[in-house]
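Novice: Take a look at input_9.pdb, PDB, C-alpha atoms and all ligand atoms:
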ATOM      1  CA  MET A  11     -13.036  15.002   3.989
ATOM      2  CA  THR A  12     -13.406  11.517   5.456
ATOM      3  CA  LEU A  13     -12.558   8.776   3.014
ATOM      4  CA  ARG A  14     -13.425   5.131   3.352
ATOM      5  CA  PRO A  15     -10.257   3.702   4.901
ATOM      6  CA  LEU A  16      -8.204   0.836   3.511
ATOM      7  CA  VAL A  17      -6.099  -1.492   5.627
ATOM      8  CA  ALA A  18      -3.926  -3.628   3.372
ATOM      9  CA  GLY A  19      -1.591  -6.431   4.415
ATOM     10  CA  ASN A  20       1.646  -6.870   2.511
ATOM     11  CA  TRP A  21       2.800 -10.427   3.102
ATOM     12  CA  LYS A  22       6.052  -9.887   1.168
ATOM     13  CA  MET A  23       7.935 -13.201   0.615
ATOM     14  CA  HIS A  24       5.990 -15.053   3.297
ATOM     15  CA  GLY A  25       3.339 -17.704   2.991
ATOM     16  CA  LEU A  26       2.743 -21.202   1.665
ATOM     17  CA  LYS A  27      -0.497 -22.949   0.776
ATOM     18  CA  ALA A  28      -1.008 -23.802   4.441
ATOM     19  CA  SER A  29      -1.345 -20.059   5.149
ATOM     20  CA  ALA A  30      -4.855 -20.125   3.697
ATOM     21  CA  GLY A  31      -6.034 -20.901   7.243
ATOM     22  CA  GLU A  32      -4.754 -17.498   8.378
ATOM     23  CA  LEU A  33      -6.581 -15.859   5.479
ATOM     24  CA  GLN A  34      -9.768 -17.621   6.529
ATOM     25  CA  LYS A  35      -9.409 -16.148  10.018
ATOM     26  CA  ILE A  36      -8.887 -12.696   8.516
ATOM     27  CA  ILE A  37     -11.977 -13.149   6.346
ATOM     28  CA  ALA A  38     -14.066 -14.240   9.327
ATOM     29  CA  GLY A  39     -12.942 -11.249  11.395
ATOM     30  CA  ALA A  40     -13.364  -8.773   8.557
ATOM     31  CA  GLN A  41     -17.025  -9.745   8.125
ATOM     32  CA  LYS A  42     -17.749  -7.606  11.180
ATOM     33  CA  LEU A  43     -15.783  -4.590   9.990
ATOM     34  CA  ALA A  44     -18.248  -2.654   7.861
ATOM     35  CA  ASN A  45     -16.433   0.689   7.798
ATOM     36  CA  VAL A  46     -13.089  -0.316   6.352
ATOM     37  CA  ASP A  47     -11.798  -1.974   3.197
ATOM     38  CA  VAL A  48      -9.539  -4.898   4.097
ATOM     39  CA  MET A  49      -6.998  -6.341   1.669
ATOM     40  CA  VAL A  50      -4.364  -9.060   1.748
ATOM     41  CA  CYS A  51      -1.469  -9.040  -0.742
ATOM     42  CA  PRO A  52       0.112 -12.523  -0.671
ATOM     43  CA  PRO A  53       3.034 -13.685  -2.807
ATOM     44  CA  ALA A  54       2.051 -14.317  -6.437
ATOM     45  CA  THR A  55       2.124 -18.087  -5.930
ATOM     46  CA  LEU A  56      -0.866 -17.821  -3.586
ATOM     47  CA  LEU A  57      -2.930 -15.257  -5.473
ATOM     48  CA  ALA A  58      -5.303 -17.619  -7.239
ATOM     49  CA  ASP A  59      -5.865 -19.781  -4.139
ATOM     50  CA  PHE A  60      -6.391 -16.761  -1.919
ATOM     51  CA  ALA A  61      -8.718 -15.104  -4.403
ATOM     52  CA  ALA A  62     -10.810 -18.268  -4.509
ATOM     53  CA  VAL A  63     -10.983 -18.428  -0.712
ATOM     54  CA  ALA A  64     -11.825 -14.710  -0.438
ATOM     55  CA  ARG A  65     -14.448 -14.636  -3.186
ATOM     56  CA  GLY A  66     -17.694 -13.159  -1.907
ATOM     57  CA  SER A  67     -16.064 -11.998   1.336
ATOM     58  CA  ARG A  68     -15.162  -8.486   2.506
ATOM     59  CA  VAL A  69     -11.439  -9.130   1.926
ATOM     60  CA  ALA A  70      -9.862  -8.081  -1.365
ATOM     61  CA  ILE A  71      -6.730  -9.745  -2.705
ATOM     62  CA  GLY A  72      -3.811  -7.850  -4.245
ATOM     63  CA  GLY A  73      -0.426  -8.489  -5.827
ATOM     64  CA  GLN A  74       2.883  -7.025  -4.653
ATOM     65  CA  ASN A  75       4.403  -6.009  -7.973
ATOM     66  CA  CYS A  76       3.724  -6.205 -11.706
ATOM     67  CA  HIS A  77       5.467  -5.684 -15.023
ATOM     68  CA  SER A  78       4.488  -2.630 -17.033
ATOM     69  CA  LEU A  79       3.696  -4.571 -20.235
ATOM     70  CA  PRO A  80       0.764  -6.937 -20.755
ATOM     71  CA  ALA A  81       2.899  -9.812 -22.113
ATOM     72  CA  GLY A  82       6.303 -10.511 -23.595
ATOM     73  CA  ALA A  83       9.727 -12.103 -23.240
ATOM     74  CA  PHE A  84      10.336 -11.163 -19.600
ATOM     75  CA  THR A  85      11.315 -14.323 -17.765
ATOM     76  CA  GLY A  86      10.054 -14.408 -14.229
ATOM     77  CA  ASP A  87       7.919 -11.297 -14.508
ATOM     78  CA  ILE A  88       4.169 -11.089 -14.054
ATOM     79  CA  ALA A  89       1.855  -8.756 -15.988
ATOM     80  CA  ALA A  90      -0.879  -6.765 -14.270
ATOM     81  CA  GLU A  91      -3.339  -8.612 -16.510
ATOM     82  CA  MET A  92      -2.067 -11.912 -15.080
ATOM     83  CA  LEU A  93      -2.629 -10.691 -11.528
ATOM     84  CA  LYS A  94      -6.130  -9.699 -12.522
ATOM     85  CA  ASP A  95      -6.655 -13.069 -14.167
ATOM     86  CA  SER A  96      -5.574 -14.745 -10.909
ATOM     87  CA  GLY A  97      -8.307 -12.897  -9.050
ATOM     88  CA  ALA A  98      -6.374  -9.883  -7.748
ATOM     89  CA  GLN A  99      -8.195  -6.571  -7.454
ATOM     90  CA  ALA A 100      -5.162  -4.442  -6.640
ATOM     91  CA  VAL A 101      -1.372  -4.320  -6.807
ATOM     92  CA  ILE A 102       1.295  -2.623  -4.714
ATOM     93  CA  VAL A 103       3.796  -0.772  -6.915
ATOM     94  CA  GLY A 104       7.054   0.971  -5.990
ATOM     95  CA  HIS A 105       7.470  -0.589  -2.563
ATOM     96  CA  SER A 106      10.837   0.519  -1.173
ATOM     97  CA  GLU A 107      12.048  -3.085  -1.252
ATOM     98  CA  ARG A 108      11.376  -3.129  -5.003
ATOM     99  CA  ARG A 109      13.009   0.273  -5.424
ATOM    100  CA  HIS A 110      16.100  -0.751  -3.447
ATOM    101  CA  TYR A 111      16.638  -4.425  -4.259
ATOM    102  CA  HIS A 112      15.435  -4.271  -7.856
ATOM    103  CA  GLY A 113      16.488  -0.760  -8.811
ATOM    104  CA  GLU A 114      12.977   0.395  -9.680
ATOM    105  CA  THR A 115      12.981   4.044 -10.689
ATOM    106  CA  ASP A 116      10.104   6.490 -10.380
ATOM    107  CA  GLU A 117       9.562   6.117 -14.111
ATOM    108  CA  ALA A 118       9.311   2.329 -13.835
ATOM    109  CA  VAL A 119       6.900   2.645 -10.914
ATOM    110  CA  ARG A 120       4.736   5.060 -12.896
ATOM    111  CA  ALA A 121       4.629   2.601 -15.810
ATOM    112  CA  LYS A 122       3.526  -0.144 -13.404
ATOM    113  CA  ALA A 123       0.802   2.079 -11.957
ATOM    114  CA  LEU A 124      -0.433   2.737 -15.492
ATOM    115  CA  ALA A 125      -0.328  -1.015 -16.181
ATOM    116  CA  ALA A 126      -2.480  -1.592 -13.111
ATOM    117  CA  ARG A 127      -5.022   0.897 -14.456
ATOM    118  CA  ARG A 128      -4.958  -0.750 -17.881
ATOM    119  CA  ALA A 129      -5.647  -4.136 -16.286
ATOM    120  CA  GLY A 130      -8.409  -2.831 -14.050
ATOM    121  CA  LEU A 131      -6.440  -3.120 -10.803
ATOM    122  CA  LEU A 132      -6.233  -0.569  -8.010
ATOM    123  CA  ALA A 133      -2.612   0.611  -7.776
ATOM    124  CA  ILE A 134      -1.149   1.248  -4.323
ATOM    125  CA  VAL A 135       1.817   3.487  -5.098
ATOM    126  CA  CYS A 136       4.481   3.566  -2.364
ATOM    127  CA  VAL A 137       6.776   6.469  -1.526
ATOM    128  CA  GLY A 138       9.050   7.196   1.414
ATOM    129  CA  GLU A 139      12.421   8.575   2.439
ATOM    130  CA  THR A 140      15.415   6.785   3.977
ATOM    131  CA  ARG A 141      16.771   7.618   7.431
ATOM    132  CA  ALA A 142      19.731   9.465   5.910
ATOM    133  CA  GLU A 143      17.404  11.525   3.728
ATOM    134  CA  ARG A 144      15.248  12.461   6.711
ATOM    135  CA  ASP A 145      18.285  13.314   8.846
ATOM    136  CA  ALA A 146      19.551  15.554   6.052
ATOM    137  CA  GLY A 147      16.228  17.432   6.065
ATOM    138  CA  ASP A 148      15.339  16.096   2.623
ATOM    139  CA  ALA A 149      12.256  13.990   3.454
ATOM    140  CA  ARG A 150       9.771  16.291   1.719
ATOM    141  CA  ALA A 151      11.988  16.837  -1.295
ATOM    142  CA  VAL A 152      12.473  13.080  -1.727
ATOM    143  CA  VAL A 153       8.803  12.211  -1.304
ATOM    144  CA  GLY A 154       7.774  15.143  -3.509
ATOM    145  CA  ALA A 155      10.053  13.908  -6.296
ATOM    146  CA  GLN A 156       8.772  10.349  -5.922
ATOM    147  CA  LEU A 157       5.190  11.585  -6.176
ATOM    148  CA  SER A 158       5.963  13.653  -9.274
ATOM    149  CA  GLY A 159       7.716  10.755 -10.960
ATOM    150  CA  SER A 160       5.752   7.732  -9.794
ATOM    151  CA  LEU A 161       2.091   8.726  -9.881
ATOM    152  CA  PRO A 162       0.135   8.050 -13.049
ATOM    153  CA  GLU A 163      -1.287  11.053 -14.870
ATOM    154  CA  GLY A 164      -4.987  11.420 -15.590
ATOM    155  CA  ALA A 165      -7.478   9.771 -13.290
ATOM    156  CA  ALA A 166      -7.120   9.936  -9.505
ATOM    157  CA  ASP A 167      -7.949   6.227  -9.322
ATOM    158  CA  PHE A 168      -5.060   5.001  -7.170
ATOM    159  CA  VAL A 169      -3.949   4.887  -3.535
ATOM    160  CA  VAL A 170      -0.731   6.383  -2.159
ATOM    161  CA  ALA A 171       1.179   4.676   0.652
ATOM    162  CA  TYR A 172       3.679   6.742   2.611
ATOM    163  CA  GLU A 173       6.224   4.353   4.063
ATOM    164  CA  PRO A 174       9.348   5.873   5.575
ATOM    165  CA  VAL A 175      11.992   3.271   4.720
ATOM    166  CA  TRP A 176      13.519   3.448   8.202
ATOM    167  CA  ALA A 177      10.177   2.602   9.802
ATOM    168  CA  ILE A 178       9.664  -0.589   7.782
ATOM    169  CA  GLY A 179      10.209  -3.715   9.842
ATOM    170  CA  SER A 180      12.138  -1.719  12.444
ATOM    171  CA  GLY A 181       9.556  -1.304  15.174
ATOM    172  CA  VAL A 182      10.217   2.441  14.976
ATOM    173  CA  THR A 183       7.592   4.889  13.712
ATOM    174  CA  PRO A 184       7.747   8.626  13.020
ATOM    175  CA  THR A 185       6.126  10.940  15.551
ATOM    176  CA  ALA A 186       2.456  11.735  15.023
ATOM    177  CA  GLN A 187       3.526  15.247  14.072
ATOM    178  CA  ASP A 188       5.923  13.962  11.411
ATOM    179  CA  VAL A 189       3.213  11.709   9.963
ATOM    180  CA  ALA A 190       0.719  14.591   9.979
ATOM    181  CA  ASP A 191       3.233  16.890   8.260
ATOM    182  CA  MET A 192       4.100  14.397   5.528
ATOM    183  CA  HIS A 193       0.524  13.284   4.874
ATOM    184  CA  GLY A 194      -0.549  16.940   4.736
ATOM    185  CA  PHE A 195       2.233  17.619   2.252
ATOM    186  CA  ILE A 196       1.204  14.622   0.117
ATOM    187  CA  ARG A 197      -2.424  15.790   0.203
ATOM    188  CA  GLU A 198      -1.365  19.238  -1.017
ATOM    189  CA  ARG A 199       0.573  17.693  -3.882
ATOM    190  CA  LEU A 200      -2.364  15.477  -4.852
ATOM    191  CA  ARG A 201      -4.728  18.444  -4.772
ATOM    192  CA  SER A 202      -2.488  20.593  -6.921
ATOM    193  CA  ARG A 203      -1.997  17.828  -9.489
ATOM    194  CA  TYR A 204      -5.450  16.179  -9.603
ATOM    195  CA  GLY A 205      -7.654  19.027  -8.418
ATOM    196  CA  GLU A 206     -10.709  18.173  -6.370
ATOM    197  CA  ALA A 207     -10.266  14.470  -7.174
ATOM    198  CA  GLY A 208      -6.972  14.657  -5.280
ATOM    199  CA  GLU A 209      -9.002  15.082  -2.094
ATOM    200  CA  ARG A 210     -10.422  11.608  -2.570
ATOM    201  CA  ILE A 211      -7.166   9.719  -3.079
ATOM    202  CA  ARG A 212      -6.510   7.611   0.004
ATOM    203  CA  ILE A 213      -3.126   8.085   1.649
ATOM    204  CA  LEU A 214      -2.051   5.064   3.696
ATOM    205  CA  TYR A 215       0.647   5.100   6.333
ATOM    206  CA  GLY A 216       3.014   2.122   6.408
ATOM    207  CA  GLY A 217       5.996   1.142   8.531
ATOM    208  CA  SER A 218       5.787  -0.842  11.802
ATOM    209  CA  VAL A 219       2.020  -0.458  12.159
ATOM    210  CA  LYS A 220       0.964  -2.723  15.039
ATOM    211  CA  PRO A 221      -2.188  -3.154  17.115
ATOM    212  CA  ALA A 222      -0.510  -1.048  19.835
ATOM    213  CA  ASN A 223       0.087   2.040  17.670
ATOM    214  CA  ALA A 224      -2.643   1.723  15.034
ATOM    215  CA  LYS A 225      -5.210   3.834  16.845
ATOM    216  CA  GLU A 226      -2.897   6.798  17.240
ATOM    217  CA  LEU A 227      -1.547   6.562  13.678
ATOM    218  CA  MET A 228      -4.952   6.101  12.040
ATOM    219  CA  ALA A 229      -6.369   9.115  13.895
ATOM    220  CA  ILE A 230      -3.922  11.497  12.216
ATOM    221  CA  ASP A 231      -5.283  13.910   9.601
ATOM    222  CA  ASN A 232      -4.958  12.627   6.043
ATOM    223  CA  VAL A 233      -4.135   9.090   7.172
ATOM    224  CA  ASP A 234      -6.762   7.050   5.351
ATOM    225  CA  GLY A 235      -5.612   3.604   6.367
ATOM    226  CA  ALA A 236      -2.504   1.476   6.651
ATOM    227  CA  LEU A 237      -0.169  -0.712   4.642
ATOM    228  CA  VAL A 238       0.903  -3.389   7.102
ATOM    229  CA  GLY A 239       3.821  -5.786   6.690
ATOM    230  CA  GLY A 240       4.839  -8.056   9.566
ATOM    231  CA  ALA A 241       1.662  -7.600  11.568
ATOM    232  CA  SER A 242      -0.511  -8.630   8.614
ATOM    233  CA  LEU A 243       0.734 -12.227   8.637
ATOM    234  CA  LYS A 244      -1.331 -13.161  11.664
ATOM    235  CA  ALA A 245      -5.066 -12.560  11.854
ATOM    236  CA  ASP A 246      -4.716 -11.865  15.585
ATOM    237  CA  GLU A 247      -2.464  -8.893  14.850
ATOM    238  CA  PHE A 248      -3.932  -7.720  11.566
ATOM    239  CA  LEU A 249      -7.607  -7.647  12.552
ATOM    240  CA  PRO A 250      -7.156  -5.319  15.548
ATOM    241  CA  ILE A 251      -5.459  -2.829  13.214
ATOM    242  CA  ALA A 252      -8.402  -2.859  10.783
ATOM    243  CA  ALA A 253     -10.784  -2.823  13.753
ATOM    244  CA  VAL A 254      -9.531   0.643  14.683
ATOM    245  CA  TYR A 255     -12.142   1.749  12.129
ATOM    246  CA  GLY A 256     -14.827  -0.378  13.725
TER
HETATM  247  P1  LIG A 301       6.144  -3.488   8.339
HETATM  248  O1  LIG A 301       6.202  -3.364   6.748
HETATM  249  O2  LIG A 301       4.717  -3.276   8.763
HETATM  250  O3  LIG A 301       6.639  -4.867   8.632
HETATM  251  O4  LIG A 301       7.047  -2.416   8.896
HETATM  252  C1  LIG A 301       5.411  -2.425   6.063
HETATM  253  C2  LIG A 301       5.650  -2.530   4.569
HETATM  254  O5  LIG A 301       6.785  -2.731   4.149
HETATM  255  O6  LIG A 301       4.692  -2.415   3.775
END
Please re-express this file's structure in structure tokens.

Specialist:
Amino acid sequence: MTLRPLVAGNWKMHGLKASAGELQKIIAGAQKLANVDVMVCPPATLLADFAAVARGSRVAIGGQNCHSLPAGAFTGDIAAEMLKDSGAQAVIVGHSERRHYHGETDEAVRAKALAARRAGLLAIVCVGETRAERDAGDARAVVGAQLSGSLPEGAADFVVAYEPVWAIGSGVTPTAQDVADMHGFIRERLRSRYGEAGERIRILYGGSVKPANAKELMAIDNVDGALVGGASLKADEFLPIAAVYG
């Protein structure tokens, strides 16, 4: 089944108000890309500005994390409802940097994905093994456990992003065969848990996606788009990745 692809940019902790110019370039370029959903996930401080700039364009705006509860005494945290209120349409949950630097467990990630649903946001749920886990032959077991624990039950209304931790920001990517194997495995898991609806859940690949490797990576079976970090910060690098889908 061919799904409408999604190419999402994860700006991480990069970007100031002046970066709106880069967003404008992305918006201008994306106007011509009719066959792909394009998204930019800036830091929370820029969400409202970016959403205002992107309104009416083909570029959606997303957050990078959310709290599981709609409100409360949680200093520094941001509710999914607040992201929505800022103009976000989506939120990344369970990115490996959140899992590693903030100790987010599968259970916490699942609660965030459910919060996204509650707020009317598309959740992009990230999974992926470390280098040591892959070298030990545990990649499938690790990703399988993350899927079991992190995905929200019920509706198949979310996106999965497979991001091998060792490929993030490293310039190194798995072989096409390894990507095909893991995405096929994820697809099987989605099908067995969500039935036919599991066929329609988009599975993004993330980790050192660049203009130079995007075509090969996006052509792999069950790769329905990309989650792009470093290369999403510049329109000149991000647009060619989305343009793989014409
Ligand atoms: P990268 O990051 O493209 O810079 O490797 C991807 C991500 O962390 O989402």

Novice: List the residues selected by the PyMOL selection byres (((chain A and resi 32) around 12) and not hetatm) in the file shown, writing them as a compact mmCIF listing (two decimals) with C-alpha atoms, in the coordinates of the input.

Specialist:
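Output file part05.txt is given in full below:
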# COMPACT_ATOMS: atom_id res chain seq x y z
CA TRP A 21 2.80 -10.43 3.10
CA GLY A 25 3.34 -17.70 2.99
CA LEU A 26 2.74 -21.20 1.66
CA LYS A 27 -0.50 -22.95 0.78
CA ALA A 28 -1.01 -23.80 4.44
CA SER A 29 -1.34 -20.06 5.15
CA ALA A 30 -4.86 -20.12 3.70
CA GLY A 31 -6.03 -20.90 7.24
CA LEU A 33 -6.58 -15.86 5.48
CA GLN A 34 -9.77 -17.62 6.53
CA LYS A 35 -9.41 -16.15 10.02
CA ILE A 36 -8.89 -12.70 8.52
CA ILE A 37 -11.98 -13.15 6.35
CA ALA A 38 -14.07 -14.24 9.33
CA GLY A 39 -12.94 -11.25 11.40
CA VAL A 50 -4.36 -9.06 1.75
CA PRO A 52 0.11 -12.52 -0.67
CA PHE A 60 -6.39 -16.76 -1.92
CA VAL A 63 -10.98 -18.43 -0.71
CA ALA A 64 -11.82 -14.71 -0.44
CA SER A 242 -0.51 -8.63 8.61
CA LEU A 243 0.73 -12.23 8.64
CA LYS A 244 -1.33 -13.16 11.66
CA ALA A 245 -5.07 -12.56 11.85
CA ASP A 246 -4.72 -11.86 15.58
CA GLU A 247 -2.46 -8.89 14.85
CA PHE A 248 -3.93 -7.72 11.57
CA LEU A 249 -7.61 -7.65 12.55

Novice: Kindly compile the residues surrounding ligand LIG 301 (chain A) within 8 Å, counting all atoms listed in the file, and format them as a list in words.

Specialist: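 Final answer, ordered by chain and number: Gly19, Asn20, Lys22, His105, Ser106, Glu107, Glu173, Val175, Ala177, Ile178, Gly179, Ser180, Gly181, Gly216, Gly217, Ser218, Val219, Lys220, Leu237, Val238, Gly239, Gly240, Ala241 and Ser242 of chain A.
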
Novice: Mind pulling up the distance from CA of Asn75 in chain A to CA of Ala125 in chain A?

Specialist: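 That distance, rounded to one decimal, is 10.7 Å.
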
Novice: Using only C-alpha atoms, pick whichever of A:Gly164, A:Arg197, A:Pro53, A:Arg141 has the shortest atom-to-atom distance to Val182 in chain A.

Specialist: A:Arg141

Novice: Apply the PyMOL selection byres (((chain A and resi 117) around 12) and not hetatm) to the displayed file and report the matching residues as a list of chain:residue names.

Specialist: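 With the shown file as input, the PyMOL selection byres (((chain A and resi 117) around 12) and not hetatm) matches A:Ser78, A:Val103, A:Gly104, A:Arg109, A:Gly113, A:Glu114, A:Thr115, A:Asp116, A:Ala118, A:Val119, A:Arg120, A:Ala121, A:Lys122, A:Ala123, A:Leu124, A:Ala155, A:Gln156, A:Leu157, A:Ser158, A:Gly159, A:Ser160, A:Leu161, A:Pro162, A:Glu163.
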
Novice: Go ahead and save the residues from that selection, with C-alpha atoms, as an mmCIF file, in the frame of the given file.

Specialist:
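New file selection30.cif:
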data_model
loop_
_atom_site.group_PDB
_atom_site.id
_atom_site.type_symbol
_atom_site.label_atom_id
_atom_site.label_comp_id
_atom_site.auth_asym_id
_atom_site.auth_seq_id
_atom_site.Cartn_x
_atom_site.Cartn_y
_atom_site.Cartn_z
ATOM 1 C CA SER A 78 4.488 -2.630 -17.033
ATOM 2 C CA VAL A 103 3.796 -0.772 -6.915
ATOM 3 C CA GLY A 104 7.054 0.971 -5.990
ATOM 4 C CA ARG A 109 13.009 0.273 -5.424
ATOM 5 C CA GLY A 113 16.488 -0.760 -8.811
ATOM 6 C CA GLU A 114 12.977 0.395 -9.680
ATOM 7 C CA THR A 115 12.981 4.044 -10.689
ATOM 8 C CA ASP A 116 10.104 6.490 -10.380
ATOM 9 C CA ALA A 118 9.311 2.329 -13.835
ATOM 10 C CA VAL A 119 6.900 2.645 -10.914
ATOM 11 C CA ARG A 120 4.736 5.060 -12.896
ATOM 12 C CA ALA A 121 4.629 2.601 -15.810
ATOM 13 C CA LYS A 122 3.526 -0.144 -13.404
ATOM 14 C CA ALA A 123 0.802 2.079 -11.957
ATOM 15 C CA LEU A 124 -0.433 2.737 -15.492
ATOM 16 C CA ALA A 155 10.053 13.908 -6.296
ATOM 17 C CA GLN A 156 8.772 10.349 -5.922
ATOM 18 C CA LEU A 157 5.190 11.585 -6.176
ATOM 19 C CA SER A 158 5.963 13.653 -9.274
ATOM 20 C CA GLY A 159 7.716 10.755 -10.960
ATOM 21 C CA SER A 160 5.752 7.732 -9.794
ATOM 22 C CA LEU A 161 2.091 8.726 -9.881
ATOM 23 C CA PRO A 162 0.135 8.050 -13.049
ATOM 24 C CA GLU A 163 -1.287 11.053 -14.870
#

Novice: For Ala252 in chain A, list every protein, DNA or RNA residue within 8 Å, evaluated using all atoms listed in the file, and leave out those in the same chain fewer than 2 positions away; present the list as a compact mmCIF listing (two decimals) with C-alpha atoms, in the coordinates of the input.

Specialist:
# COMPACT_ATOMS: atom_id res chain seq x y z
CA VAL A 17 -6.10 -1.49 5.63
CA LEU A 43 -15.78 -4.59 9.99
CA VAL A 46 -13.09 -0.32 6.35
CA VAL A 48 -9.54 -4.90 4.10
CA PHE A 248 -3.93 -7.72 11.57
CA LEU A 249 -7.61 -7.65 12.55
CA PRO A 250 -7.16 -5.32 15.55
CA VAL A 254 -9.53 0.64 14.68
CA TYR A 255 -12.14 1.75 12.13
CA GLY A 256 -14.83 -0.38 13.72

Novice: Could you name the residues that touch Gly86 in chain A at 12 Å or less, counting only C-alpha atoms, but leaving out those on the same chain fewer than 5 positions away, as a ChimeraX atom specification?

Specialist: /A:54,75-77,81
